[in-house]
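File shown here: my_file-v9.cif, holding mmCIF, C-alpha atoms.
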data_final
#
loop_
_atom_site.label_atom_id
_atom_site.label_comp_id
_atom_site.auth_asym_id
_atom_site.auth_seq_id
_atom_site.Cartn_x
_atom_site.Cartn_y
_atom_site.Cartn_z
CA MET A 1 -28.22 26.24 -22.77
CA GLU A 2 -28.63 27.87 -19.39
CA VAL A 3 -26.11 26.89 -16.73
CA PRO A 4 -27.65 25.91 -13.37
CA ILE A 5 -26.27 27.88 -10.42
CA LEU A 6 -26.56 26.10 -7.08
CA LYS A 7 -26.29 27.70 -3.68
CA GLN A 8 -24.28 25.68 -1.18
CA GLY A 9 -23.82 27.45 2.17
CA GLN A 10 -21.92 30.63 1.49
CA TYR A 11 -20.85 29.52 -1.94
CA LEU A 12 -22.37 29.51 -5.41
CA ILE A 13 -21.62 26.59 -7.70
CA ALA A 14 -22.05 26.91 -11.47
CA SER A 15 -21.73 23.54 -13.10
CA ILE A 16 -21.30 23.75 -16.89
CA GLN A 17 -22.85 20.67 -18.48
CA SER A 18 -22.18 21.09 -22.19
CA ALA A 19 -20.41 23.30 -24.69
CA LEU A 20 -21.60 26.89 -24.39
CA THR A 21 -22.11 29.58 -27.00
CA ASP A 22 -20.73 33.06 -26.44
CA ALA A 23 -24.22 34.25 -25.56
CA ASP A 24 -24.61 31.50 -22.95
CA LEU A 25 -21.28 32.50 -21.42
CA SER A 26 -22.27 36.16 -21.20
CA GLN A 27 -25.52 35.15 -19.62
CA LEU A 28 -23.69 32.97 -17.08
CA ARG A 29 -21.43 35.90 -16.20
CA GLU A 30 -24.37 38.24 -15.59
CA ALA A 31 -26.30 35.67 -13.56
CA LEU A 32 -23.31 34.90 -11.34
CA ILE A 33 -22.47 38.54 -10.64
CA ALA A 34 -26.10 39.29 -9.81
CA GLN A 35 -26.47 36.27 -7.51
CA VAL A 36 -23.23 36.97 -5.63
CA GLY A 37 -24.92 40.08 -4.28
CA ARG A 38 -28.36 38.55 -3.85
CA TYR A 39 -27.18 35.59 -1.77
CA ARG A 40 -24.24 37.41 -0.13
CA ALA A 41 -21.99 34.61 -1.37
CA ARG A 42 -18.36 34.52 -0.15
CA GLY A 43 -17.18 32.26 -2.91
CA VAL A 44 -17.99 31.12 -6.47
CA ILE A 45 -17.01 27.80 -8.02
CA VAL A 46 -17.25 27.32 -11.79
CA ASP A 47 -17.02 23.64 -12.71
CA VAL A 48 -15.78 23.12 -16.29
CA THR A 49 -15.21 19.35 -16.10
CA ALA A 50 -17.60 18.73 -18.99
CA LEU A 51 -15.84 21.13 -21.38
CA ASP A 52 -13.38 19.63 -23.83
CA VAL A 53 -12.66 22.94 -25.53
CA MET A 54 -11.95 26.35 -24.03
CA ASP A 55 -11.64 29.22 -26.48
CA SER A 56 -10.37 32.72 -25.84
CA PHE A 57 -13.87 34.06 -25.24
CA ALA A 58 -14.60 31.44 -22.58
CA VAL A 59 -11.29 32.12 -20.87
CA ARG A 60 -11.87 35.89 -20.93
CA THR A 61 -15.37 35.49 -19.55
CA LEU A 62 -14.13 33.32 -16.68
CA ARG A 63 -11.41 35.83 -15.90
CA ASP A 64 -13.92 38.68 -15.98
CA VAL A 65 -16.25 36.78 -13.63
CA THR A 66 -13.37 36.37 -11.19
CA HIS A 67 -12.47 40.06 -11.19
CA MET A 68 -16.10 41.23 -11.05
CA ALA A 69 -16.98 38.83 -8.24
CA ARG A 70 -13.91 39.97 -6.31
CA LEU A 71 -15.15 43.57 -6.58
CA ARG A 72 -18.40 42.37 -5.01
CA GLY A 73 -16.58 40.60 -2.18
CA SER A 74 -16.46 37.04 -3.44
CA GLU A 75 -13.53 34.74 -4.35
CA THR A 76 -13.84 32.64 -7.50
CA VAL A 77 -12.19 29.33 -8.29
CA ILE A 78 -12.32 27.45 -11.62
CA VAL A 79 -12.35 23.68 -11.15
CA GLY A 80 -12.12 20.58 -13.34
CA ILE A 81 -10.04 21.76 -16.29
CA GLN A 82 -9.10 18.60 -18.21
CA PRO A 83 -5.38 17.87 -18.77
CA GLU A 84 -5.75 18.09 -22.56
CA VAL A 85 -7.69 21.34 -22.29
CA ALA A 86 -5.07 22.79 -19.93
CA PHE A 87 -2.27 21.99 -22.34
CA ALA A 88 -4.16 23.39 -25.32
CA MET A 89 -4.90 26.56 -23.34
CA VAL A 90 -1.28 27.28 -22.42
CA GLN A 91 -0.21 26.64 -26.00
CA LEU A 92 -2.69 29.31 -27.10
CA GLY A 93 -1.38 31.60 -24.35
CA LEU A 94 -4.67 31.47 -22.41
CA THR A 95 -3.25 31.00 -18.93
CA LEU A 96 -5.98 32.47 -16.68
CA LYS A 97 -3.48 34.66 -14.83
CA GLY A 98 -4.70 35.84 -11.44
CA VAL A 99 -7.53 33.32 -11.40
CA ALA A 100 -7.58 30.54 -8.79
CA THR A 101 -7.87 27.01 -10.12
CA ALA A 102 -8.40 23.63 -8.47
CA LEU A 103 -8.54 20.01 -9.52
CA ASP A 104 -12.23 19.36 -8.88
CA LEU A 105 -15.26 20.52 -6.91
CA GLU A 106 -13.98 19.05 -3.66
CA GLU A 107 -10.62 20.81 -4.00
CA GLY A 108 -12.39 24.02 -4.95
CA LEU A 109 -14.49 23.94 -1.79
CA ALA A 110 -11.37 23.18 0.29
CA PHE A 111 -9.63 26.16 -1.33
CA LEU A 112 -12.52 28.53 -0.55
CA ASN A 113 -12.75 27.28 3.06
CA GLN A 114 -9.03 27.86 3.46
CA GLN A 115 -9.39 31.39 2.04
CA ALA A 116 -12.19 32.09 4.50
CA ARG A 117 -10.06 30.83 7.39
CA ALA A 118 -7.16 32.98 6.23
CA ARG A 119 -9.46 36.00 6.23
CA VAL A 120 -10.58 35.23 9.77
CA ASP A 121 -6.96 34.81 10.89
CA HIS A 122 -6.08 38.05 9.22
CA ALA A 123 -8.90 39.87 11.00
CA ARG A 124 -7.72 38.73 14.41
CA MET B 125 6.00 -5.00 -43.10
CA ASN B 126 4.31 -3.36 -46.05
CA THR B 127 6.20 -0.11 -45.90
CA LYS B 128 9.44 -2.06 -45.75
CA ASP B 129 8.59 -3.90 -48.94
CA VAL B 130 7.81 -0.68 -50.66
CA THR B 131 11.12 0.93 -49.69
CA VAL B 132 13.04 -2.07 -50.87
CA THR B 133 11.27 -2.00 -54.18
CA LYS B 134 11.98 1.70 -54.38
CA GLY B 135 15.67 1.06 -53.85
CA ILE B 136 15.66 -1.35 -56.75
CA VAL B 137 13.65 0.94 -58.97
CA ARG B 138 16.09 3.75 -58.25
CA ILE B 139 18.99 1.58 -59.33
CA SER B 140 17.56 -0.06 -62.41
CA PRO B 141 17.77 2.99 -64.72
CA MET B 142 21.49 3.01 -64.05
CA LEU B 143 21.74 -0.66 -64.93
CA ALA B 144 19.64 -0.08 -68.01
CA ALA B 145 22.07 2.64 -69.04
CA GLN B 146 24.91 0.17 -68.91
CA HIS B 147 23.00 -2.23 -71.10
CA PRO B 148 20.97 -0.02 -73.37
CA PRO B 149 19.75 -2.22 -76.22
CA ALA B 150 16.66 -4.34 -75.57
CA ARG B 151 18.12 -7.01 -77.83
CA GLU B 152 20.67 -7.85 -75.17
CA GLU B 153 17.88 -8.37 -72.62
CA SER B 154 16.57 -11.29 -74.64
CA THR B 155 20.03 -12.79 -75.05
CA THR B 156 20.78 -12.61 -71.31
CA ALA B 157 18.03 -15.11 -70.45
CA PRO B 158 19.81 -18.22 -71.82
CA LEU B 159 23.10 -16.93 -70.43
CA LEU B 160 21.55 -16.56 -66.98
CA SER B 161 20.19 -20.10 -67.07
CA GLU B 162 23.62 -21.35 -68.10
CA LEU B 163 25.07 -19.39 -65.22
CA VAL B 164 22.52 -20.76 -62.78
CA SER B 165 23.14 -24.35 -63.80
CA HIS B 166 26.88 -23.77 -63.38
CA LEU B 167 26.33 -22.34 -59.90
CA ARG B 168 24.05 -25.27 -58.99
CA GLU B 169 26.61 -27.80 -60.18
CA SER B 170 29.44 -26.28 -58.17
CA ARG B 171 27.24 -25.62 -55.13
CA THR B 172 29.20 -27.74 -52.65
CA GLN B 173 32.56 -26.46 -53.70
CA LEU B 174 31.59 -22.78 -53.92
CA ARG B 175 29.81 -22.51 -50.63
CA GLU B 176 32.69 -24.20 -48.88
CA GLU B 177 35.03 -21.74 -50.53
CA TRP B 178 32.77 -18.91 -49.46
CA ALA B 179 32.54 -20.06 -45.83
CA ARG B 180 36.33 -20.44 -45.79
CA ARG B 181 36.82 -16.90 -47.11
CA ILE B 182 34.35 -15.54 -44.52
CA THR B 183 36.37 -17.10 -41.72
CA LEU B 184 39.60 -15.95 -43.32
CA ALA B 185 38.40 -12.35 -43.55
CA GLN B 186 37.37 -12.59 -39.87
CA LEU B 187 33.79 -11.65 -40.63
CA LEU B 188 30.85 -12.91 -38.54
CA THR B 189 33.17 -13.53 -35.59
CA ALA B 190 30.10 -13.70 -33.35
CA MET B 191 29.06 -16.99 -35.00
CA SER B 192 30.59 -20.46 -34.89
CA GLU B 193 32.00 -22.09 -38.04
CA ASP B 194 29.10 -24.54 -38.26
CA GLU B 195 26.60 -21.73 -38.04
CA ILE B 196 28.43 -19.77 -40.70
CA PHE B 197 28.37 -22.80 -42.98
CA ALA B 198 24.64 -23.38 -42.39
CA GLU B 199 23.79 -19.73 -43.08
CA ALA B 200 26.15 -19.69 -46.05
CA THR B 201 24.27 -22.65 -47.55
CA SER B 202 20.88 -20.94 -47.18
CA VAL B 203 22.15 -17.61 -48.48
CA TYR B 204 23.81 -19.39 -51.40
CA ASP B 205 20.63 -21.24 -52.35
CA ASN B 206 18.51 -18.12 -52.01
CA TYR B 207 21.05 -16.20 -54.03
CA VAL B 208 21.02 -18.71 -56.89
CA GLU B 209 17.23 -18.88 -56.70
CA ALA B 210 17.00 -15.09 -57.05
CA LEU B 211 19.36 -15.25 -60.05
CA ALA B 212 17.30 -18.01 -61.66
CA THR B 213 13.84 -16.52 -61.16
CA GLY B 214 14.69 -12.83 -61.25
CA THR B 215 12.36 -12.29 -58.27
CA PHE B 216 13.69 -11.04 -55.01
CA GLU B 217 10.77 -11.51 -52.58
CA ALA B 218 12.08 -14.79 -51.19
CA LEU B 219 15.56 -13.37 -50.78
CA GLN B 220 14.16 -10.24 -49.16
CA ALA B 221 12.16 -12.27 -46.68
CA TYR B 222 15.16 -14.47 -45.97
CA SER B 223 17.53 -11.52 -45.43
CA ARG B 224 15.03 -9.92 -43.07
CA ASN B 225 14.72 -13.16 -41.17
CA LEU B 226 18.50 -13.57 -41.09
CA SER B 227 18.96 -10.00 -39.87
CA GLU B 228 16.45 -10.57 -37.07
CA ARG B 229 18.52 -13.52 -35.90
CA ILE B 230 22.00 -12.07 -36.21
CA ILE B 231 21.51 -8.44 -35.13
CA PRO B 232 20.99 -9.32 -31.44
CA ARG B 233 24.30 -11.20 -31.62
CA GLY B 234 26.16 -8.04 -32.55
CA VAL B 235 26.75 -8.57 -36.26
CA GLU B 236 27.70 -5.26 -37.88
CA THR B 237 26.58 -3.74 -41.18
CA HIS B 238 30.10 -3.95 -42.66
CA GLU B 239 30.16 -7.71 -41.99
CA VAL B 240 26.90 -8.32 -43.83
CA VAL B 241 27.95 -6.17 -46.79
CA GLY B 242 31.32 -7.90 -46.63
CA ILE B 243 29.97 -11.44 -46.86
CA VAL B 244 27.62 -10.58 -49.70
CA LEU B 245 30.46 -9.00 -51.66
CA LEU B 246 32.61 -12.04 -50.88
CA LEU B 247 29.98 -14.34 -52.34
CA ARG B 248 29.84 -12.15 -55.40
CA ASP B 249 33.60 -12.42 -55.69
CA VAL B 250 33.66 -16.19 -55.14
CA MET B 251 31.08 -16.70 -57.87
CA ALA B 252 32.78 -14.35 -60.29
CA ARG B 253 36.10 -16.15 -59.77
CA SER B 254 34.50 -19.49 -60.52
CA LEU B 255 33.15 -17.97 -63.74
CA PHE B 256 36.62 -16.75 -64.66
CA ALA B 257 37.96 -20.25 -64.02
CA LYS B 258 35.29 -21.83 -66.17
CA TYR B 259 35.40 -19.48 -69.16
CA HIS B 260 39.00 -18.28 -69.11
CA GLU B 261 39.59 -19.78 -72.52
CA ASP B 262 36.61 -18.12 -74.20
CA PHE B 263 36.98 -14.43 -73.45
CA THR B 264 33.86 -13.25 -75.39
CA GLN B 265 31.66 -15.80 -73.68
CA LEU B 266 33.07 -14.77 -70.27
CA ASN B 267 32.26 -11.14 -71.05
CA ARG B 268 28.68 -11.98 -71.97
CA ILE B 269 28.20 -14.14 -68.91
CA LEU B 270 29.54 -11.36 -66.70
CA ASP B 271 27.20 -8.88 -68.42
CA ALA B 272 24.31 -11.07 -67.39
CA TYR B 273 25.70 -11.80 -63.95
CA GLU B 274 26.77 -8.33 -62.75
CA PRO B 275 23.42 -6.46 -62.66
CA ALA B 276 21.62 -9.36 -61.03
CA ALA B 277 24.40 -9.84 -58.48
CA ASN B 278 24.40 -6.13 -57.69
CA ARG B 279 20.70 -6.20 -57.12
CA ILE B 280 20.99 -9.18 -54.84
CA ALA B 281 23.78 -7.58 -52.80
CA ASN B 282 21.71 -4.44 -52.60
CA THR B 283 18.60 -6.32 -51.46
CA VAL B 284 20.42 -8.15 -48.68
CA ALA B 285 22.27 -5.07 -47.41
CA VAL B 286 19.17 -2.89 -47.51
CA GLY B 287 17.19 -5.58 -45.70
CA PHE B 288 19.81 -5.71 -42.99
CA VAL B 289 20.00 -1.95 -42.55
CA GLN B 290 16.22 -1.64 -42.43
CA GLU B 291 15.98 -4.31 -39.79
CA ARG B 292 18.63 -2.46 -37.78
CA GLU B 293 16.77 0.81 -38.10
CA ARG B 294 13.56 -0.86 -37.01
CA ILE B 295 15.29 -2.20 -33.89
CA ILE B 296 16.83 1.19 -33.14
CA LEU B 297 13.42 2.86 -33.42
CA GLN B 298 11.92 0.25 -31.13
CA GLN B 299 14.66 0.81 -28.56
CA GLN B 300 14.28 4.58 -28.73
CA GLU B 301 10.59 4.15 -28.00
CA ALA B 302 11.40 1.87 -25.06
CA ILE B 303 13.90 4.35 -23.65
CA ARG B 304 11.36 7.13 -23.96
CA GLU B 305 8.80 5.14 -22.04
CA LEU B 306 11.29 4.29 -19.33
CA SER B 307 12.78 7.71 -18.95
CA THR B 308 9.76 9.64 -17.75
CA PRO B 309 8.49 8.24 -14.47
CA VAL B 310 6.09 10.32 -12.40
CA LEU B 311 6.45 9.29 -8.78
CA GLN B 312 4.29 9.96 -5.77
CA VAL B 313 6.45 10.56 -2.69
CA ARG B 314 3.70 11.68 -0.34
CA GLU B 315 -0.05 12.02 -0.44
CA ARG B 316 -0.67 14.73 -3.06
CA LEU B 317 3.02 15.28 -3.82
CA LEU B 318 4.54 14.08 -7.09
CA ILE B 319 8.12 14.21 -8.27
CA LEU B 320 9.17 14.10 -11.90
CA PRO B 321 12.90 13.54 -12.32
CA ILE B 322 13.99 14.38 -15.86
CA ILE B 323 17.23 12.82 -17.09
CA GLY B 324 18.92 13.22 -20.43
CA VAL B 325 18.16 15.26 -23.50
CA ILE B 326 14.75 16.83 -23.88
CA ASP B 327 13.61 17.12 -27.48
CA PRO B 328 10.26 18.63 -28.41
CA HIS B 329 8.66 15.20 -28.76
CA ARG B 330 9.79 14.09 -25.32
CA ALA B 331 8.89 17.43 -23.77
CA ARG B 332 5.35 17.06 -25.02
CA GLN B 333 5.12 13.51 -23.79
CA LEU B 334 6.43 14.57 -20.38
CA THR B 335 3.79 17.25 -20.08
CA GLU B 336 0.97 14.93 -21.06
CA GLN B 337 2.14 12.29 -18.63
CA LEU B 338 2.50 14.79 -15.81
CA LEU B 339 -0.93 16.34 -16.34
CA ARG B 340 -2.54 12.92 -16.38
CA ALA B 341 -0.68 11.92 -13.23
CA ILE B 342 -1.79 15.10 -11.47
CA ARG B 343 -5.36 14.17 -12.19
CA THR B 344 -5.17 10.50 -11.20
CA ASN B 345 -3.11 11.09 -8.04
CA ARG B 346 -4.99 14.27 -7.12
CA ALA B 347 -1.67 16.03 -6.66
CA LYS B 348 -1.41 19.51 -5.20
CA VAL B 349 2.32 19.99 -5.53
CA VAL B 350 4.73 18.69 -8.18
CA VAL B 351 8.51 18.86 -7.97
CA ILE B 352 10.20 18.71 -11.38
CA ASP B 353 13.88 17.88 -10.92
CA ILE B 354 16.12 18.70 -13.88
CA THR B 355 19.50 17.90 -12.28
CA GLY B 356 20.03 15.28 -14.98
CA VAL B 357 19.38 17.66 -17.87
CA ALA B 358 22.64 18.84 -19.36
CA ALA B 359 21.41 21.58 -21.65
CA MET B 360 18.25 23.48 -22.39
CA ASP B 361 17.32 25.74 -25.28
CA ALA B 362 14.65 28.39 -25.58
CA ASN B 363 12.06 25.96 -26.95
CA VAL B 364 12.43 23.49 -24.14
CA ALA B 365 12.49 26.27 -21.53
CA ASN B 366 9.28 27.72 -22.92
CA HIS B 367 7.76 24.27 -22.89
CA LEU B 368 8.70 23.93 -19.23
CA VAL B 369 6.99 27.25 -18.49
CA GLN B 370 3.90 26.03 -20.35
CA THR B 371 3.91 22.80 -18.35
CA VAL B 372 4.04 24.79 -15.11
CA GLU B 373 1.09 26.90 -16.25
CA ALA B 374 -0.93 23.90 -17.43
CA ALA B 375 -0.35 22.19 -14.08
CA ARG B 376 -1.57 25.32 -12.32
CA LEU B 377 -4.78 25.19 -14.35
CA LEU B 378 -5.33 21.76 -12.81
CA GLY B 379 -4.81 23.30 -9.38
CA ALA B 380 -1.27 22.02 -8.79
CA THR B 381 1.76 24.08 -7.83
CA VAL B 382 5.01 23.22 -9.61
CA ILE B 383 8.45 23.63 -8.09
CA VAL B 384 11.43 23.25 -10.41
CA THR B 385 14.69 22.08 -8.83
CA GLY B 386 18.25 21.34 -9.83
CA LEU B 387 18.90 23.98 -12.49
CA SER B 388 22.59 23.67 -13.27
CA PRO B 389 24.76 26.81 -13.43
CA GLU B 390 25.00 26.37 -17.22
CA ILE B 391 21.23 26.17 -17.67
CA ALA B 392 20.66 29.13 -15.34
CA GLN B 393 23.10 31.20 -17.40
CA THR B 394 21.59 30.14 -20.73
CA LEU B 395 18.04 30.84 -19.62
CA VAL B 396 18.85 34.34 -18.37
CA THR B 397 21.03 35.10 -21.41
CA ILE B 398 18.37 34.09 -23.94
CA GLY B 399 15.77 35.93 -21.90
CA VAL B 400 13.20 33.26 -21.06
CA ASP B 401 10.64 34.68 -18.66
CA LEU B 402 10.79 32.50 -15.58
CA SER B 403 9.10 34.90 -13.19
CA GLU B 404 6.07 32.61 -12.95
CA MET B 405 8.14 29.60 -12.00
CA ALA B 406 9.03 28.62 -8.45
CA THR B 407 12.58 27.30 -8.37
CA VAL B 408 14.58 25.74 -5.55
CA GLY B 409 18.26 24.81 -5.64
CA ASP B 410 18.16 21.05 -5.24
CA LEU B 411 15.67 18.19 -4.99
CA GLN B 412 15.89 18.08 -1.18
CA GLY B 413 15.07 21.77 -0.92
CA GLY B 414 12.24 21.29 -3.41
CA ILE B 415 10.66 18.46 -1.44
CA GLU B 416 11.01 20.42 1.81
CA GLU B 417 9.30 23.40 0.21
CA ALA B 418 6.57 21.15 -1.16
CA GLU B 419 6.00 19.62 2.28
CA ARG B 420 5.72 23.10 3.74
CA LEU B 421 3.09 23.99 1.11
CA LEU B 422 1.16 20.80 1.94
CA GLY B 423 1.37 21.55 5.66
CA TYR B 424 3.78 18.77 6.62
CA LYS B 425 6.53 19.24 9.13
CA VAL B 426 9.24 16.60 9.26
CA LEU B 427 10.92 16.21 12.65
CA PRO B 428 13.53 13.75 13.96
CA LEU B 429 11.94 11.15 16.28
CA VAL B 430 13.95 12.45 19.25
CA GLU B 431 12.41 15.90 18.94
CA VAL B 432 8.95 14.43 18.53
CA GLY B 433 9.55 12.55 21.82
CA THR B 434 10.57 15.69 23.71
CA GLN B 435 7.62 17.61 22.34
CA SER B 436 4.95 15.20 23.45
#
Let's see the structure in the file written out as structure tokens.
Amino acid sequence: MEVPILKQGQYLIASIQSALTDADLSQLREALIAQVGRYRARGVIVDVTALDVMDSFAVRTLRDVTHMARLRGSETVIVGIQPEVAFAMVQLGLTLKGVATALDLEEGLAFLNQQARARVDHAR
Amino acid sequence: MNTKDVTVTKGIVRISPMLAAQHPPAREESTTAPLLSELVSHLRESRTQLREEWARRITLAQLLTAMSEDEIFAEATSVYDNYVEALATGTFEALQAYSRNLSERIIPRGVETHEVVGIVLLLRDVMARSLFAKYHEDFTQLNRILDAYEPAANRIANTVAVGFVQERERIILQQQEAIRELSTPVLQVRERLLILPIIGVIDPHRARQLTEQLLRAIRTNRAKVVVIDITGVAAMDANVANHLVQTVEAARLLGATVIVTGLSPEIAQTLVTIGVDLSEMATVGDLQGGIEEAERLLGYKVLPLVEVGTQS
């Protein structure tokens, strides 16, 4: 199933609606990296609220998206990881090191806005 | 209820081969039946006298001190009747149910296991003595009566004691569960700031429960910062420490920062000695420091009212 990617201001929002196959995940990664450049996005939010399982491939793909998007000038934040999923992930050692996370979409947007402000402050 | 019945039955099954070994020939089984009924009628005849004797001996031995004499006599009567009934019918369900019921009533009053075992053994003794008194002239008959009496009496004593211990264990389990529930509060001290004070021993079961509770609380309270205070934790091993690290990471996946406070010198030494990697964990000396740090992260600044007045 293809994941819809919405443009909201300077940010891209990918909202995962159902369990994804490895192929779907790869496709999501490519689409996001391409669109970051096309829309000159400053931030990417991946919403995983609907997922009740996260395997190693999904975690690796999300981490790759973060690093790739950063290389193209965009911050990524993963939002909506369920408590049970979070606990299962750390038990499997899948901790998403170096990847920003937030409680939900609202928090994710707040995080990206704050990052943008920090950048502006830094530039001054 | 069901599992309890099964264990009790198991206990009896485990014992019966031993009893069978003492009385190997099947022929004797058939001869015990009339003896038992003779025994039962004797016990029924001397009911008043024997249970009074029993109650007197209970008081004398200073058992069941938590109960009044009248209560002891009333319970003694019921136990006596149930006891004789179990001897007569050879079925123990009624006695089992009664001993469970009795245990439920007397455990909250502080009656100990040794007292229950003691009174059952006393009854056994009182009955045996009355048999001696009755048959002391006919030694062979006394022997045969005792052969019939002993196994059944043992089983009865066993049933009552096991029932009592099981009831106790059930209550202990229940209380452990209650303590667990009580001992892990997740408290919100400010908008988006939770504290989790941990007190006592952390076993793997409790550690897991703590984590689940914390993660759920982070979600429902939309927390951004969590302070875990372990001042009240006396010791920590590698498993628990690793679990703590996992909890911190899981909380981060939900977008919350965790600050751990109140590591005692002993715990700090253990953790470094056993080489748990705590580089990912933010730690602050005490709870106050932890809350101050959390407020800083959330953008709060706490000032005394006087200073606020001079500023404005």
Each side padded by 4 Å, which centre and which edge lengths in Å (one decimal) define the axis-aligned box around the listed atoms of stretch 103-115 of chain A? Give them as JSON.
{"center_x": -11.9, "center_y": 25.2, "center_z": -3.0, "size_x": 14.7, "size_y": 20.3, "size_z": 21.0}
Report as a tab-separated table the residues of chain B within 9 Å of chain A, each with its shortest atom pair and distance in Å (one decimal), using only C-alpha atoms, ordered by chain and increasing residue number.
residue	atom	partner	partner_atom	distance
B:Thr335	CA	A:Phe87	CA	8.0
B:Glu336	CA	A:Pro83	CA	7.4
B:Leu338	CA	A:Pro83	CA	9.0
B:Leu339	CA	A:Pro83	CA	5.3
B:Arg340	CA	A:Pro83	CA	6.2
B:Ile342	CA	A:Leu103	CA	8.6
B:Arg343	CA	A:Leu103	CA	7.2
B:Arg346	CA	A:Leu103	CA	7.2
B:Ala347	CA	A:Leu103	CA	8.4
B:Lys348	CA	A:Leu103	CA	8.4
B:His367	CA	A:Gln91	CA	8.9
B:Gln370	CA	A:Val90	CA	5.7
B:Thr371	CA	A:Phe87	CA	7.4
B:Glu373	CA	A:Thr95	CA	6.5
B:Ala374	CA	A:Ala86	CA	5.0
B:Ala375	CA	A:Ala86	CA	7.5
B:Arg376	CA	A:Thr101	CA	6.9
B:Leu377	CA	A:Thr101	CA	5.5
B:Leu378	CA	A:Leu103	CA	4.9
B:Gly379	CA	A:Ala102	CA	3.7
B:Ala380	CA	A:Ala102	CA	7.3
I want to know what sits within 12 Å of B:Asn363, based on all atoms listed in the file, with residues of the same chain fewer than 5 positions away left out; could you give that as a count of residues only? 13
Given the PyMOL selection byres ((chain A and resi 54-59) around 7), the residues it picks as a ChimeraX atom specification: /A:25,52-53,60-63,85,94,96
Mind pulling up the distance from atom CA of B:Val208 to atom CA of B:Gly242?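 Separating atom CA of B:Gly242 from atom CA of B:Val208 is a distance of 18.1 Å.
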Proximity to A:Ala41 - best of A:Leu112, A:Gly98, A:Ser26, A:Pro4, all atoms listed in the file: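 Of A:Leu112, A:Gly98, A:Ser26, A:Pro4, the one nearest A:Ala41 is A:Leu112, counting all atoms listed in the file.
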Which distance in Å separates atom CA of B:Gly287 and atom CA of B:Arg233, to one decimal?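 Those two atoms sit 16.7 Å apart.
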Excluding same-chain residues fewer than 4 positions from A:Gln35, what lies within 10 Å of it counting only C-alpha atoms, as a PyMOL selection string? chain A and resi 5+7+12+30-31+39-41+44+69
Separation of atom CA of B:Glu169 from atom CA of B:Arg253, in Å and rounded to one decimal: 15.0 Å
At most 12 Å from (34.8, -16.6, -62.5), file frame, all atoms listed in the file: which residues, as a list of chain:residue names? B:Leu163, B:His166, B:Leu167, B:Ser170, B:Leu174, B:Leu247, B:Arg248, B:Asp249, B:Val250, B:Met251, B:Ala252, B:Arg253, B:Ser254, B:Leu255, B:Phe256, B:Ala257, B:Lys258, B:Tyr259, B:His260, B:Glu261, B:Asp262, B:Phe263, B:Gln265, B:Leu266, B:Asn267, B:Ile269, B:Leu270, B:Tyr273, B:Glu274
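Each of B:Gln312, B:Thr201, B:Asn225, B:Thr264 was checked against B:Glu291 using only C-alpha atoms; the smallest atom-to-atom distance is that of B:Asn225.
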Quick one: residues within 12 Å of B:Gly413, only C-alpha atoms counted, chain neighbours fewer than 4 positions away excluded, as a list in words? Val351, Ile352, Asp353, Ile383, Val384, Thr385, Gly386, Ala406, Thr407, Val408, Gly409, Glu417, Ala418, Glu419 and Arg420 of chain B
Leaving out B:Val164 and any residue of its chain fewer than 3 positions from it, which residues lie within 12 Å of it when counting all atoms listed in the file, given as a PyMOL selection string? chain B and resi 156-161+167-171+204-214+251+255+269+272-273+276-277
Check which residues satisfy the PyMOL selection byres ((chain B and resi 394) around 12) in the file shown, then give them as a ChimeraX atom specification. /B:358-362,364-365,387-393,395-400
Taking 6 positions as the minimum chain separation for residues in the same chain, which residues sit within 8 Å of A:Val65 when counting only C-alpha atoms? Answer as number ranges by chain. A: 29, 32-33, 76
Just give me the residues with any atom within 12 Å of (-27.5, 31.0, -24.3), file coordinates, counting all atoms listed in the file, written as a ChimeraX atom specification. /A:1-3,18-31
With all atoms listed in the file as the atoms that count, which of A:Val48, A:Val120, A:Leu71, A:Ala110 lies nearest to A:Tyr11?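 Closest residue, counting all atoms listed in the file: A:Ala110.
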Could you spell out the hits of the PyMOL selection byres ((chain B and resi 229-231) around 9) on the shown file, as a ChimeraX atom specification? /B:190-191,224-228,232-236,288,291-292,295
With distances taken over only C-alpha atoms, which of B:Val325, B:Leu317, B:Leu311, B:Val203 is nearest to B:Val284?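 Residue with the minimum atom-to-atom distance to B:Val284: B:Val203.
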